[in-house]
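Engineer: To start, I am sharing the structure in question, which I have written as structure tokens.
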Amino acid sequence: MSAVLEVKGLTVDIPVAAGDLHAVRGIDFSVEKGETLCIVGESGCGKSLTSLSIMGLLPKRAKIAAETMEFAGTDLLGMKEKELASIRGNRMAMIFQEPMTSLNPAYTIGNQLMEPYIRHKKASDKEARERAIYLLERVGITAAASRLSQYPHQLSGGLRQRVMIAMALMCDPELIIADEPTTALDVTIQAQILHLLAELRNEFNSALILITHDLGVVARVADKVAVMYAGKIVEAGTVEEIFRKPLHPYTQGLINCIPVPGKTARGSRLGSIPGIVPTLIGDIRGCSFRNRCAFAHDACDTADPYHSLAPGRGYRCTLDVATCEANAKELVSA
Amino acid sequence: MTTTIANRGLPAAEDIVGPTPGQQLRRRIFGHRGLMIGGGILLVMFLMALTAPLIAPHDPYMQSLLSRVKPPVWVTGNWDHVLGTDQLGRDYLSRLMYGAQISLLIGFAAAFISGVIGTAMGVAAGYFGGRVDMVVTFLITVRLSMPVVLVALAVVALIGGSLTVVISVLGLLLWDRYAVVMRSATLQIRQMDYVAAAKAVGCSTPRILLTEIMPNIVNNLIVVATLEMAHAILLEAALSFLGMGVQPPTPSWGLMVSEGKDYILFESWMIMIPGVALFLLVLAINLVGDGIRDVTAPEARN
Amino acid sequence: MLVYTLKRLFIAFLVALTVSLITFSLTYVAGDPATAIAGEAATEADIEYIRELYGFDRPILIQYAEWFLNAMQGDFGQSFYFKLPVADILFERLPISMTLGVCAITFAISLSIPLGVLAAMRPNSFLDRLALGISVVGQAMPSFWFALMLIVIFAVWYPILPTTGSESWEHFILPTIVLGYYATPAIMRLTRTGMLEVLGSDYIRTARAKGLPQHVVLFKHALRNAVIPVVSLAAVQFGFMLGGSIVIESIFALHGAGYLAWESIGRNDLPVVQAVVLIFSLFYIVLTFLSDLLNAWLDPRIRVG
């Protein structure tokens with residue numbers, strides 16, 4: 001099966017006062033039809049910029065480059081703005097983090113839902129309306145027909161995010177990118193929205209890229225996981241591999257931070273990763289996690305080799321696989 | 001995990017040693033072109049106004065019927081009256097220098113009076129809210145619906161034009177923008193936690209206003225003050241131009257334009273010179289105001 | 001929406017009442033109006049006669065009530081100078097001021113909104129700098145001086161436009177430019193900052209993510225939201241312009257209400273001055289009321305619940 005999206009060596013640089021900020025530093029990933037890829041990392045690791053660069057929505061001053069960035073076999077970087085626009089909202093759609101501000105306050109829900117469908121599918125108002133009602137019902141909004149004439153400010157955050165999801169699905173896209181779709185919502189609503197996303201992905205058989213910092217979300221919906229740190233992918237694998245046998249010290253640290261019911265002793269301290277993320281301005285050599293890593297040694301100052309273990313499985317570290325696996329075992333048994 | 005981990009030479013964002021806040025402020029001020037240009041012009045105008053009695057080549061009130069409406073030096077080459085003479089033979093350069101005194105005095109005094117009124121109203125409305133806010137907002141609306149030029153003209157004409165009257169009338173009319181800006185600024189600050197903290201430890205209202213609110217809105221105050229100063233200077237010039245402001249023979253720039261109006265056909269320099277002076281002064285004040293706003297605005301930091 | 005309208009209407013009425021009170025009190029600003037009317041050569045008896053004739057001897061509140069009620073019916077009293085009803089003189093002059101005001105605000109809007117939008121689309125571009133230059137110069141230039149400079153240019157150096165009177169549409173060109181330019185900086189700046197803010201907002205990113213073409217993003221999604229505050233400002237500026245028309249009309253000898261007011265101030269013809277102040281204020285109040293309604297209609301957050 002060919003990949004819906006294939007990215008190799010993507011870099012994003014943002015010029016700032018002190019020099020170039022290397023926000024994304026050469027990342028590879030791919031996602032196939034009916035598959036969910038989660039990109040995990042803390043804020044500032046470049047995961048949101050990655051999603052925006054796929055959509056071609058980066059601010060103009062950002063510099064973007066890649067060896068490969070192909071959507072269904074066509075090169076995205078070489079496209080003119082017009083061609084890109086004909087794909088955006090049509091064959092690939094995006095759901096944003098902030099449902100409260102992502103809808104235009106001046107227009108009705110219906111107007112904003114129908115807009116991409118009319119534009120991309122050359123549909124009539126009536127067809128677009130029917131599609132909008134169908135999808136609103138599909139994302140679990142009651143009295144869908146009457147919602148169309150409502151304005152965003154009349155809906156709650158959870159409802160608005162459902163509307164955003166329906167909007168993304170309007171043209172039946174091959175790829176959906178959801179950037180922290182649940183972060184701004186209440187915990188109970190979060191679960192509902194995640195469930196909905198997973199369900200819809202199956203139903204529409206599209207590829208889903210979910211950007212998140214929440215490992216709980218990852219465990220729930222992901223097929224594949226890419227862990228990002230300081231602009232690079234430090235570990236990639238299936239969701240089982242990442243949770244059962246995390247190889248990179250950062251992934252291990254992340255998983256160590258999650259309390260496990262029945263396993264984590266009451267009153268015992270949860271894990272934490274000491275230190276802070278390094279700045280990404282200027283030249284960076286060696287492993288960017290070394291200042292927070294318990295296993296750091298001199299080799300880390302100059303190198304951070306990527307070990308590819310299998311297609312879609314690998315990690316970026318100076319330690320060999322045996323050492324990493326030993327560390328993982330220690331972590332799991334602890 | 002309490003292992004201490006070596007830094008291993010990776011710089012964090014905090015490690016990039018930046019200039020100190022003082023250095024940053026200085027760099028912003030001197031790096032702001034508008035502020036520098038405006039400040040420069042303003043400084044020259046100030047010096048001109050202050051030292052007018054010393055450096056003015058002639059008495060600004062001395063008439064000379066023999067040398068009336070003499071064009072400036074670039075037309076005649078006569079260095080005795082560099083900017084020429086007016087319809088009564090008075091030296092134009094000297095009148096221009098003394099005129100700077102009038103404009104600056106009116107600008108400062110009117111901006112000060114209206115500033116006191118407007119700030120008091122705005123801060124009270126923003127801090128106390130409720131009825132006080134309603135009354136102040138209502139007064140602002142009333143004030144805005146009265147045509148300033150017309151009312152100022154009428155009142156000055158009724159009482160009789162003089163420097164004091166013009167200053168008081170403008171001072172009593174131009175408080176609206178202060179009130180609007182101070183009100184919204186205070187509203188914002190009032191919600192801050194440090195104000196709540198001050199209340200919680202039992203600070204008195206005047207003390208909170210003085211030590212918590214004022215320092216945080218003083219930047220806005222300065223910016224509005226410059227705008228209103230420019231506004232007052234323009235209004236005085238307009239009033240004097242229409243003959244209802246400062247009265248002759250006072251060398252107000254607006255009055256000079258008005259007196260030169262009769263010579264517009266052949267001696268257009270007579271209106272150009274005081275007009276350019278007015279324009280430059282107001283431009284300089286506006287540039288300084290905009291500059292202060294840019295330099296001190298929190299969003300401009302970092 | 002109805003509640004909102006009624007509330008606004010009530011406030012507008014209160015403001016109008018207060019303004020009328022202030023306007024009326026102009027009569028007493030300079031002290032005894034009877035002495036002023038009688039002139040310097042008048043005897044004590046003359047002054048007493050005038051006081052009774054104009055009713056200045058009655059309690060002030062009654063005078064105000066009478067003046068206000070008459071004004072509401074379009075009766076602003078007799079002009080001291082013309083010895084004619086103020087209303088007749090005023091309503092003959094008002095259309096000229098209104099024409100000038102409408103021309104000027106149209107000129108200002110059609111110059112400042114496109115420039116503001118273009119400047120916001122390309123910050124720091126040549127156009128942005130040009131727009132900034134226009135607004136900086138516009139804010140600093142005394143309007144009476146600008147008017148005189150235009151007269152020098154278009155009547156003295158290149159005599160192609162008339163500079164005094166109001167007989168033809170050509171007479172309105174220069175006054176329109178001067179008065180319109182006066183309102184341009186504020187409207188342009190607000191359009192620019194509003195547009196910049198909106199263009200950086202999440203819902204514009206959404207619109208672009210939907211693959212909408214640039215012009216739909218700009219004109220449908222951005223401008224509509226950016227223009228909401230501009231509507232109020234334009235209304236306010238229109239009101240200011242009427243006030244400012246006094247300077248412009250007097251320079252171009254445009255016989256409108258502003259010119260009338262200026263002449264009447266010089267003649268101590270107080271009823272006329274009061275009438276102009278009141279009419280201009282009322283006009284401003286009506287205008288801001290209408291712009292509030294228009295705003296509410298443009299902004300569904302006010303219109304719907």
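To be explicit about the labels: the chains of the structure tokens are called A, B, and onward in the order shown, and within each one the residues are counted from 1, while ligands get numbers from 1 in the order they are shown.
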Identify all residues of region 76-206 of chain C in alpha helix (DSSP H) (DSSP on the backbone) and supply them as a PyMOL selection string.

Structural biologist: chain C and resi 86-121+126-140+143-151+173-199+202-206

Engineer: Assign secondary structure with DSSP using the backbone only, and return the residues of region 158-292 of chain A in strand (DSSP E) as a PyMOL selection string.

Structural biologist: chain A and resi 175-179+207-212+224-229+232-238

Engineer: Include C-alpha atoms and write out the residues we just selected as a JSON list (two decimals), in the first residue's frame.

Structural biologist:
[["chain", "number", "residue", "atom", "x", "y", "z"],
["A", 175, "LEU", "CA", -5.49, 12.94, 5.10],
["A", 176, "ILE", "CA", -6.65, 14.61, 8.29],
["A", 177, "ILE", "CA", -4.19, 16.46, 10.49],
["A", 178, "ALA", "CA", -5.39, 17.18, 14.01],
["A", 179, "ASP", "CA", -3.12, 19.51, 15.99],
["A", 207, "ALA", "CA", -5.05, 8.76, 7.15],
["A", 208, "LEU", "CA", -4.88, 10.65, 10.43],
["A", 209, "ILE", "CA", -1.94, 12.54, 11.84],
["A", 210, "LEU", "CA", -2.55, 13.44, 15.45],
["A", 211, "ILE", "CA", -0.23, 15.96, 17.05],
["A", 212, "THR", "CA", -0.23, 15.81, 20.82],
["A", 224, "LYS", "CA", 2.28, 4.48, 14.80],
["A", 225, "VAL", "CA", 4.11, 6.92, 17.02],
["A", 226, "ALA", "CA", 6.89, 9.39, 16.34],
["A", 227, "VAL", "CA", 8.45, 10.99, 19.41],
["A", 228, "MET", "CA", 9.88, 14.43, 18.71],
["A", 229, "TYR", "CA", 12.43, 16.27, 20.78],
["A", 232, "LYS", "CA", 14.11, 15.83, 15.60],
["A", 233, "ILE", "CA", 12.35, 12.50, 15.76],
["A", 234, "VAL", "CA", 14.13, 10.64, 18.55],
["A", 235, "GLU", "CA", 12.14, 7.46, 18.34],
["A", 236, "ALA", "CA", 9.60, 5.91, 16.00],
["A", 237, "GLY", "CA", 7.63, 2.71, 16.16],
["A", 238, "THR", "CA", 4.23, 1.12, 16.59]]

Engineer: Within 9 Å of region 84-98 of chain B, counting only C-alpha atoms, which residues qualify if same-chain residues fewer than 4 places away don't, as a ChimeraX atom specification?

Structural biologist: /B:45,48-53,55-73,76,78-80,102,250-253,256,259-260,263,270,273-274,277

Engineer: Those same residues - C-alpha atoms - I'd like them written as a compact mmCIF listing (two decimals), in the first residue's frame.

Structural biologist:
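Result saved to out03.txt:
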# COMPACT_ATOMS: atom_id res chain seq x y z
CA MET B 45 11.87 74.19 19.08
CA MET B 48 14.27 78.41 20.20
CA ALA B 49 11.38 79.23 22.52
CA LEU B 50 13.55 79.44 25.66
CA THR B 51 16.32 81.53 24.19
CA ALA B 52 14.14 83.69 21.96
CA PRO B 53 14.85 86.86 24.00
CA ILE B 55 18.92 85.06 20.03
CA ALA B 56 16.05 86.75 18.23
CA PRO B 57 17.59 89.25 15.81
CA HIS B 58 14.85 91.86 16.30
CA ASP B 59 12.06 92.89 18.65
CA PRO B 60 9.05 90.81 17.49
CA TYR B 61 6.70 93.73 18.15
CA MET B 62 8.75 96.45 16.52
CA GLN B 63 6.96 97.81 13.47
CA SER B 64 8.70 99.46 10.60
CA LEU B 65 6.51 101.05 7.98
CA LEU B 66 9.49 101.46 5.68
CA SER B 67 10.31 97.75 5.42
CA ARG B 68 6.92 96.06 5.11
CA VAL B 69 6.39 92.60 3.50
CA LYS B 70 10.03 92.05 2.68
CA PRO B 71 10.57 88.53 1.29
CA PRO B 72 13.00 86.15 2.98
CA VAL B 73 16.71 85.94 2.29
CA THR B 76 16.18 89.10 -1.71
CA ASN B 78 19.02 90.52 2.52
CA TRP B 79 20.40 88.95 5.72
CA ASP B 80 18.97 91.61 8.00
CA ILE B 102 3.06 80.57 22.66
CA THR B 250 0.90 88.38 20.05
CA PRO B 251 3.06 86.36 17.63
CA SER B 252 0.92 83.19 17.51
CA TRP B 253 1.72 81.06 14.49
CA MET B 256 0.67 84.84 11.52
CA GLU B 259 -2.30 87.84 8.72
CA GLY B 260 -0.34 86.46 5.78
CA TYR B 263 -0.78 88.27 0.66
CA MET B 270 4.13 84.52 4.47
CA ILE B 273 6.78 79.80 6.97
CA PRO B 274 4.54 79.78 10.08
CA ALA B 277 6.75 75.68 11.75

Engineer: Mind running chain A against chain C at 10 Å and telling me each contacting residue's nearest atom pair with the distance in Å (one decimal), counting only C-alpha atoms, chain and number ascending, as a Markdown table?

Structural biologist:
| residue | atom | partner | partner_atom | distance |
| --- | --- | --- | --- | --- |
| A:Leu52 | CA | C:Ala209 | CA | 9.3 |
| A:Met55 | CA | C:Ala209 | CA | 7.1 |
| A:Gly56 | CA | C:Ala209 | CA | 8.6 |
| A:Leu57 | CA | C:Ala209 | CA | 7.2 |
| A:Leu58 | CA | C:Arg205 | CA | 9.8 |
| A:Pro59 | CA | C:Gly200 | CA | 9.8 |
| A:Glu81 | CA | C:Pro213 | CA | 9.1 |
| A:Lys82 | CA | C:Pro213 | CA | 7.5 |
| A:Glu83 | CA | C:Gly211 | CA | 9.4 |
| A:Leu84 | CA | C:Gly211 | CA | 7.5 |
| A:Ala85 | CA | C:Gly211 | CA | 4.2 |
| A:Ser86 | CA | C:Gly211 | CA | 5.9 |
| A:Ile87 | CA | C:Gly211 | CA | 6.8 |
| A:Arg88 | CA | C:Gly211 | CA | 4.5 |
| A:Gly89 | CA | C:Lys210 | CA | 3.8 |
| A:Asn90 | CA | C:Gly211 | CA | 7.2 |
| A:Arg91 | CA | C:Gly211 | CA | 9.8 |
| A:Met92 | CA | C:Ala209 | CA | 8.9 |
| A:Ala93 | CA | C:Ala209 | CA | 6.8 |
| A:Met94 | CA | C:Ala209 | CA | 6.5 |
| A:Ile95 | CA | C:Thr206 | CA | 8.3 |
| A:Phe96 | CA | C:Thr206 | CA | 7.9 |
| A:Gln97 | CA | C:Asp202 | CA | 9.5 |
| A:Glu98 | CA | C:Asp202 | CA | 7.6 |
| A:Pro99 | CA | C:Asp202 | CA | 9.0 |
| A:Met100 | CA | C:Asp202 | CA | 9.1 |
| A:Thr101 | CA | C:Asp202 | CA | 5.7 |
| A:Ser102 | CA | C:Tyr203 | CA | 4.1 |
| A:Leu103 | CA | C:Tyr203 | CA | 4.9 |
| A:Asn104 | CA | C:Tyr203 | CA | 5.2 |
| A:Pro105 | CA | C:Pro300 | CA | 7.2 |
| A:Ala106 | CA | C:Pro300 | CA | 6.0 |
| A:Tyr107 | CA | C:Pro300 | CA | 7.9 |
| A:Thr108 | CA | C:Pro300 | CA | 8.9 |
| A:Gln112 | CA | C:Ala207 | CA | 8.6 |
| A:Leu113 | CA | C:Lys210 | CA | 9.7 |
| A:Glu115 | CA | C:Lys210 | CA | 8.2 |
| A:Pro116 | CA | C:Lys210 | CA | 5.8 |
| A:Tyr117 | CA | C:Lys210 | CA | 9.3 |
| A:Arg119 | CA | C:Leu212 | CA | 7.5 |
| A:His120 | CA | C:Gly211 | CA | 8.3 |
| A:Gln150 | CA | C:Val304 | CA | 8.8 |
| A:Tyr151 | CA | C:Pro300 | CA | 7.1 |
| A:Pro152 | CA | C:Arg301 | CA | 8.9 |
| A:His153 | CA | C:Arg301 | CA | 6.6 |
| A:Gln154 | CA | C:Gly305 | CA | 8.0 |
| A:Met164 | CA | C:Thr206 | CA | 9.1 |
| A:Met167 | CA | C:Lys210 | CA | 8.5 |
| A:Ala168 | CA | C:Lys210 | CA | 7.9 |
| A:Met170 | CA | C:Lys210 | CA | 9.9 |
| A:Cys171 | CA | C:Lys210 | CA | 9.8 |

Engineer: Based on the selection just made, write C-alpha atoms of those residues as a PDB file, in the first residue's frame.

Structural biologist:
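Heads up, here's the output in selection39.pdb:
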ATOM      1  CA  LEU A  52       1.555  23.527   9.287  1.00  0.00           C
ATOM      2  CA  MET A  55      -0.604  22.138   4.880  1.00  0.00           C
ATOM      3  CA  GLY A  56       1.501  24.930   3.421  1.00  0.00           C
ATOM      4  CA  LEU A  57       0.268  27.282   6.147  1.00  0.00           C
ATOM      5  CA  LEU A  58       3.604  28.355   7.604  1.00  0.00           C
ATOM      6  CA  PRO A  59       4.175  32.081   7.961  1.00  0.00           C
ATOM      7  CA  GLU A  81      -0.201  28.360  -3.928  1.00  0.00           C
ATOM      8  CA  LYS A  82      -3.221  27.811  -6.177  1.00  0.00           C
ATOM      9  CA  GLU A  83      -2.620  24.082  -6.584  1.00  0.00           C
ATOM     10  CA  LEU A  84      -2.038  23.752  -2.866  1.00  0.00           C
ATOM     11  CA  ALA A  85      -5.276  25.582  -2.158  1.00  0.00           C
ATOM     12  CA  SER A  86      -7.159  23.117  -4.346  1.00  0.00           C
ATOM     13  CA  ILE A  87      -5.850  20.265  -2.169  1.00  0.00           C
ATOM     14  CA  ARG A  88      -6.272  21.987   1.190  1.00  0.00           C
ATOM     15  CA  GLY A  89      -9.662  21.450   2.750  1.00  0.00           C
ATOM     16  CA  ASN A  90     -10.375  19.056  -0.089  1.00  0.00           C
ATOM     17  CA  ARG A  91      -7.990  16.117  -0.065  1.00  0.00           C
ATOM     18  CA  MET A  92      -6.276  17.022   3.178  1.00  0.00           C
ATOM     19  CA  ALA A  93      -7.885  18.837   6.055  1.00  0.00           C
ATOM     20  CA  MET A  94      -6.789  20.150   9.398  1.00  0.00           C
ATOM     21  CA  ILE A  95      -8.350  20.428  12.829  1.00  0.00           C
ATOM     22  CA  PHE A  96      -6.839  23.037  15.117  1.00  0.00           C
ATOM     23  CA  GLN A  97      -6.194  23.288  18.812  1.00  0.00           C
ATOM     24  CA  GLU A  98      -8.388  26.278  19.613  1.00  0.00           C
ATOM     25  CA  PRO A  99     -12.033  25.614  18.788  1.00  0.00           C
ATOM     26  CA  MET A 100     -13.015  28.873  20.516  1.00  0.00           C
ATOM     27  CA  THR A 101     -11.177  31.082  18.051  1.00  0.00           C
ATOM     28  CA  SER A 102     -10.869  28.904  14.964  1.00  0.00           C
ATOM     29  CA  LEU A 103     -14.344  29.705  13.662  1.00  0.00           C
ATOM     30  CA  ASN A 104     -15.131  33.080  12.131  1.00  0.00           C
ATOM     31  CA  PRO A 105     -17.444  34.953  14.530  1.00  0.00           C
ATOM     32  CA  ALA A 106     -19.150  36.845  11.702  1.00  0.00           C
ATOM     33  CA  TYR A 107     -20.619  33.882   9.829  1.00  0.00           C
ATOM     34  CA  THR A 108     -23.008  31.061  10.663  1.00  0.00           C
ATOM     35  CA  GLN A 112     -18.545  28.030   7.176  1.00  0.00           C
ATOM     36  CA  LEU A 113     -19.263  24.299   6.871  1.00  0.00           C
ATOM     37  CA  GLU A 115     -17.886  26.807   2.085  1.00  0.00           C
ATOM     38  CA  PRO A 116     -15.184  24.215   1.285  1.00  0.00           C
ATOM     39  CA  TYR A 117     -17.688  21.759  -0.183  1.00  0.00           C
ATOM     40  CA  ARG A 119     -15.672  25.454  -3.521  1.00  0.00           C
ATOM     41  CA  HIS A 120     -13.937  22.112  -4.041  1.00  0.00           C
ATOM     42  CA  GLN A 150     -26.279  29.486  14.571  1.00  0.00           C
ATOM     43  CA  TYR A 151     -23.159  31.538  15.146  1.00  0.00           C
ATOM     44  CA  PRO A 152     -19.976  30.166  16.741  1.00  0.00           C
ATOM     45  CA  HIS A 153     -20.431  32.222  19.911  1.00  0.00           C
ATOM     46  CA  GLN A 154     -23.670  30.362  20.588  1.00  0.00           C
ATOM     47  CA  MET A 164     -14.385  21.813  13.157  1.00  0.00           C
ATOM     48  CA  MET A 167     -15.761  20.825   8.529  1.00  0.00           C
ATOM     49  CA  ALA A 168     -12.577  18.844   8.013  1.00  0.00           C
ATOM     50  CA  MET A 170     -16.801  17.810   4.374  1.00  0.00           C
ATOM     51  CA  CYS A 171     -14.824  16.878   1.276  1.00  0.00           C
TER      52      CYS A 171
END

Engineer: Restrict the distance test to only C-alpha atoms, flag each residue of chain B within 8 Å of chain C, and return the flagged residues as a VMD selection string.

Structural biologist: chain B and resid 138 141 to 142 145 to 151 153 to 155 157 to 159 230 234 237 to 238 241 to 242 257 261 264 to 265 268 271 to 272 275 278 to 280 282 to 283 286

Engineer: Generate a file of the selected residues that holds C-alpha atoms, formatted as a PDB file, in the first residue's frame.

Structural biologist:
ATOM      1  CA  PHE B 138     -21.944  59.304  29.935  1.00  0.00           C
ATOM      2  CA  THR B 141     -20.250  60.670  25.328  1.00  0.00           C
ATOM      3  CA  VAL B 142     -21.684  64.124  25.975  1.00  0.00           C
ATOM      4  CA  SER B 145     -20.963  64.922  20.804  1.00  0.00           C
ATOM      5  CA  MET B 146     -20.130  68.616  21.199  1.00  0.00           C
ATOM      6  CA  PRO B 147     -18.170  70.022  18.239  1.00  0.00           C
ATOM      7  CA  VAL B 148     -14.865  71.121  19.843  1.00  0.00           C
ATOM      8  CA  VAL B 149     -13.811  73.840  17.403  1.00  0.00           C
ATOM      9  CA  LEU B 150     -17.235  75.436  17.402  1.00  0.00           C
ATOM     10  CA  VAL B 151     -17.692  75.388  21.162  1.00  0.00           C
ATOM     11  CA  LEU B 153     -14.613  79.411  19.285  1.00  0.00           C
ATOM     12  CA  ALA B 154     -17.929  80.464  20.775  1.00  0.00           C
ATOM     13  CA  VAL B 155     -16.711  80.412  24.366  1.00  0.00           C
ATOM     14  CA  ALA B 157     -15.314  84.804  21.606  1.00  0.00           C
ATOM     15  CA  LEU B 158     -17.878  85.326  24.347  1.00  0.00           C
ATOM     16  CA  ILE B 159     -15.332  85.710  27.122  1.00  0.00           C
ATOM     17  CA  ALA B 230      -0.405  68.349  19.560  1.00  0.00           C
ATOM     18  CA  LEU B 234      -3.423  72.764  16.350  1.00  0.00           C
ATOM     19  CA  ALA B 237      -3.643  77.852  15.800  1.00  0.00           C
ATOM     20  CA  ALA B 238      -7.058  77.307  14.230  1.00  0.00           C
ATOM     21  CA  PHE B 241      -6.394  81.866  12.556  1.00  0.00           C
ATOM     22  CA  LEU B 242     -10.143  82.451  12.712  1.00  0.00           C
ATOM     23  CA  VAL B 257      -0.869  82.543   8.909  1.00  0.00           C
ATOM     24  CA  LYS B 261      -3.551  85.260   4.140  1.00  0.00           C
ATOM     25  CA  ILE B 264      -1.482  84.719  -0.511  1.00  0.00           C
ATOM     26  CA  LEU B 265      -1.417  85.654  -4.179  1.00  0.00           C
ATOM     27  CA  SER B 268       2.893  82.879  -0.325  1.00  0.00           C
ATOM     28  CA  ILE B 271       1.754  81.646   5.130  1.00  0.00           C
ATOM     29  CA  MET B 272       4.223  78.914   4.312  1.00  0.00           C
ATOM     30  CA  GLY B 275       2.572  76.865   8.594  1.00  0.00           C
ATOM     31  CA  LEU B 278       3.372  74.503  13.071  1.00  0.00           C
ATOM     32  CA  PHE B 279       3.530  71.360  10.994  1.00  0.00           C
ATOM     33  CA  LEU B 280       7.030  70.512  12.197  1.00  0.00           C
ATOM     34  CA  VAL B 282       3.044  68.966  15.747  1.00  0.00           C
ATOM     35  CA  LEU B 283       4.819  66.319  13.684  1.00  0.00           C
ATOM     36  CA  ASN B 286       3.345  63.071  17.396  1.00  0.00           C
TER      37      ASN B 286
END

Engineer: Using 7 Å as the limit and counting only C-alpha atoms, can you tabulate each residue of chain A that touches chain B, with its shortest atom-to-atom distance in Å and the two atoms involved, as CSV?

Structural biologist:
residue,atom,partner,partner_atom,distance
A:Gly271,CA,B:Met1,CA,6.6
A:Val277,CA,B:Ala12,CA,6.6
A:Pro278,CA,B:Ala12,CA,4.1
A:Thr279,CA,B:Ala13,CA,4.7
A:Arg290,CA,B:Arg8,CA,6.8
A:Asn291,CA,B:Asn7,CA,4.7
A:Arg292,CA,B:Ile5,CA,6.5
A:Cys293,CA,B:Ile5,CA,7.0
A:Ala294,CA,B:Ile5,CA,6.4
A:Asp301,CA,B:Arg8,CA,7.0

Engineer: Those residues you just picked out, can you put them in a file as a short mmCIF file (atom, residue, chain, number, x, y, z; two decimals), in the first residue's frame with C-alpha atoms?

Structural biologist:
data_model
loop_
_atom_site.label_atom_id
_atom_site.label_comp_id
_atom_site.auth_asym_id
_atom_site.auth_seq_id
_atom_site.Cartn_x
_atom_site.Cartn_y
_atom_site.Cartn_z
CA GLY A 271 9.29 10.17 37.41
CA VAL A 277 14.89 22.06 26.52
CA PRO A 278 17.95 23.64 24.83
CA THR A 279 17.60 26.62 22.54
CA ARG A 290 22.26 15.13 26.51
CA ASN A 291 21.87 17.85 29.14
CA ARG A 292 18.84 16.04 30.58
CA CYS A 293 19.94 12.48 30.02
CA ALA A 294 21.13 10.17 32.79
CA ASP A 301 28.56 15.90 22.56
#

Engineer: What separation in Å, quoted to one decimal, exists between CA of Leu187 (chain B) and CA of Val123 (chain B)?

Structural biologist: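 Rounded to one decimal, the two atoms are 8.3 Å apart.
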
Engineer: Do a neighbour search on region 99-112 of chain C at 8 Å with only C-alpha atoms, toss out local chain neighbours closer than 3 positions, and write the hits as a list of chain:residue names.

Structural biologist: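 The residues that qualify are C:Pro95, C:Ile96, C:Leu115, C:Gly116, C:Phe172, C:Pro175, C:Thr176, C:Ile177, C:Leu179, C:Gly180, C:Tyr181, C:Ala183, C:Thr184, C:Pro185, C:Ile187, C:Met188, C:Thr191, C:Ala234, C:Gln237, C:Phe238, C:Met241, C:Leu242, C:Ser245.
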
Engineer: Using only C-alpha atoms, which protein or nucleic acid residues come within 9 Å of region 55-67 of chain C? Drop anything in the same chain fewer than 3 positions from it, and give the result as a VMD selection string.

Structural biologist: chain C and resid 20 to 21 24 to 25 32 to 34 48 50 to 52 70 to 72 75 to 77

Engineer: Take the residues from that selection and put them in a file with N, CA and C atoms, as a short mmCIF file (atom, residue, chain, number, x, y, z; two decimals), in the first residue's frame.

Structural biologist:
data_model
loop_
_atom_site.label_atom_id
_atom_site.label_comp_id
_atom_site.auth_asym_id
_atom_site.auth_seq_id
_atom_site.Cartn_x
_atom_site.Cartn_y
_atom_site.Cartn_z
N SER C 20 -28.01 69.85 25.18
CA SER C 20 -28.86 71.04 25.02
C SER C 20 -28.71 71.96 26.23
N LEU C 21 -28.56 71.36 27.41
CA LEU C 21 -28.39 72.16 28.63
C LEU C 21 -27.09 72.97 28.55
N PHE C 24 -27.41 75.69 25.98
CA PHE C 24 -28.20 76.80 26.49
C PHE C 24 -27.36 77.68 27.43
N SER C 25 -26.54 77.02 28.23
CA SER C 25 -25.77 77.77 29.23
C SER C 25 -24.74 78.68 28.58
N ASP C 32 -23.87 88.70 31.94
CA ASP C 32 -25.24 89.11 31.63
C ASP C 32 -25.45 89.29 30.13
N PRO C 33 -26.30 88.45 29.53
CA PRO C 33 -26.49 88.54 28.08
C PRO C 33 -27.13 89.86 27.65
N ALA C 34 -27.96 90.42 28.51
CA ALA C 34 -28.66 91.66 28.13
C ALA C 34 -27.64 92.79 27.90
N GLU C 48 -32.37 97.06 30.83
CA GLU C 48 -33.55 96.52 31.50
C GLU C 48 -34.62 96.15 30.48
N ILE C 50 -34.18 95.34 27.30
CA ILE C 50 -33.76 94.14 26.55
C ILE C 50 -33.94 92.89 27.41
N ARG C 51 -33.63 93.03 28.69
CA ARG C 51 -33.76 91.89 29.59
C ARG C 51 -35.19 91.37 29.59
N GLU C 52 -36.12 92.30 29.64
CA GLU C 52 -37.53 91.90 29.63
C GLU C 52 -37.97 91.37 28.28
N ASN C 70 -39.06 74.79 22.45
CA ASN C 70 -39.15 75.44 21.16
C ASN C 70 -38.18 74.82 20.15
N ALA C 71 -36.95 74.56 20.63
CA ALA C 71 -35.94 74.00 19.74
C ALA C 71 -36.39 72.65 19.20
N MET C 72 -37.04 71.85 20.09
CA MET C 72 -37.53 70.54 19.66
C MET C 72 -38.54 70.68 18.52
N ASP C 75 -37.94 75.65 16.49
CA ASP C 75 -37.91 77.10 16.68
C ASP C 75 -36.72 77.45 17.56
N PHE C 76 -35.70 78.07 16.94
CA PHE C 76 -34.50 78.40 17.70
C PHE C 76 -34.47 79.89 18.07
N GLY C 77 -35.61 80.55 17.99
CA GLY C 77 -35.66 81.96 18.35
C GLY C 77 -35.29 82.86 17.18
#
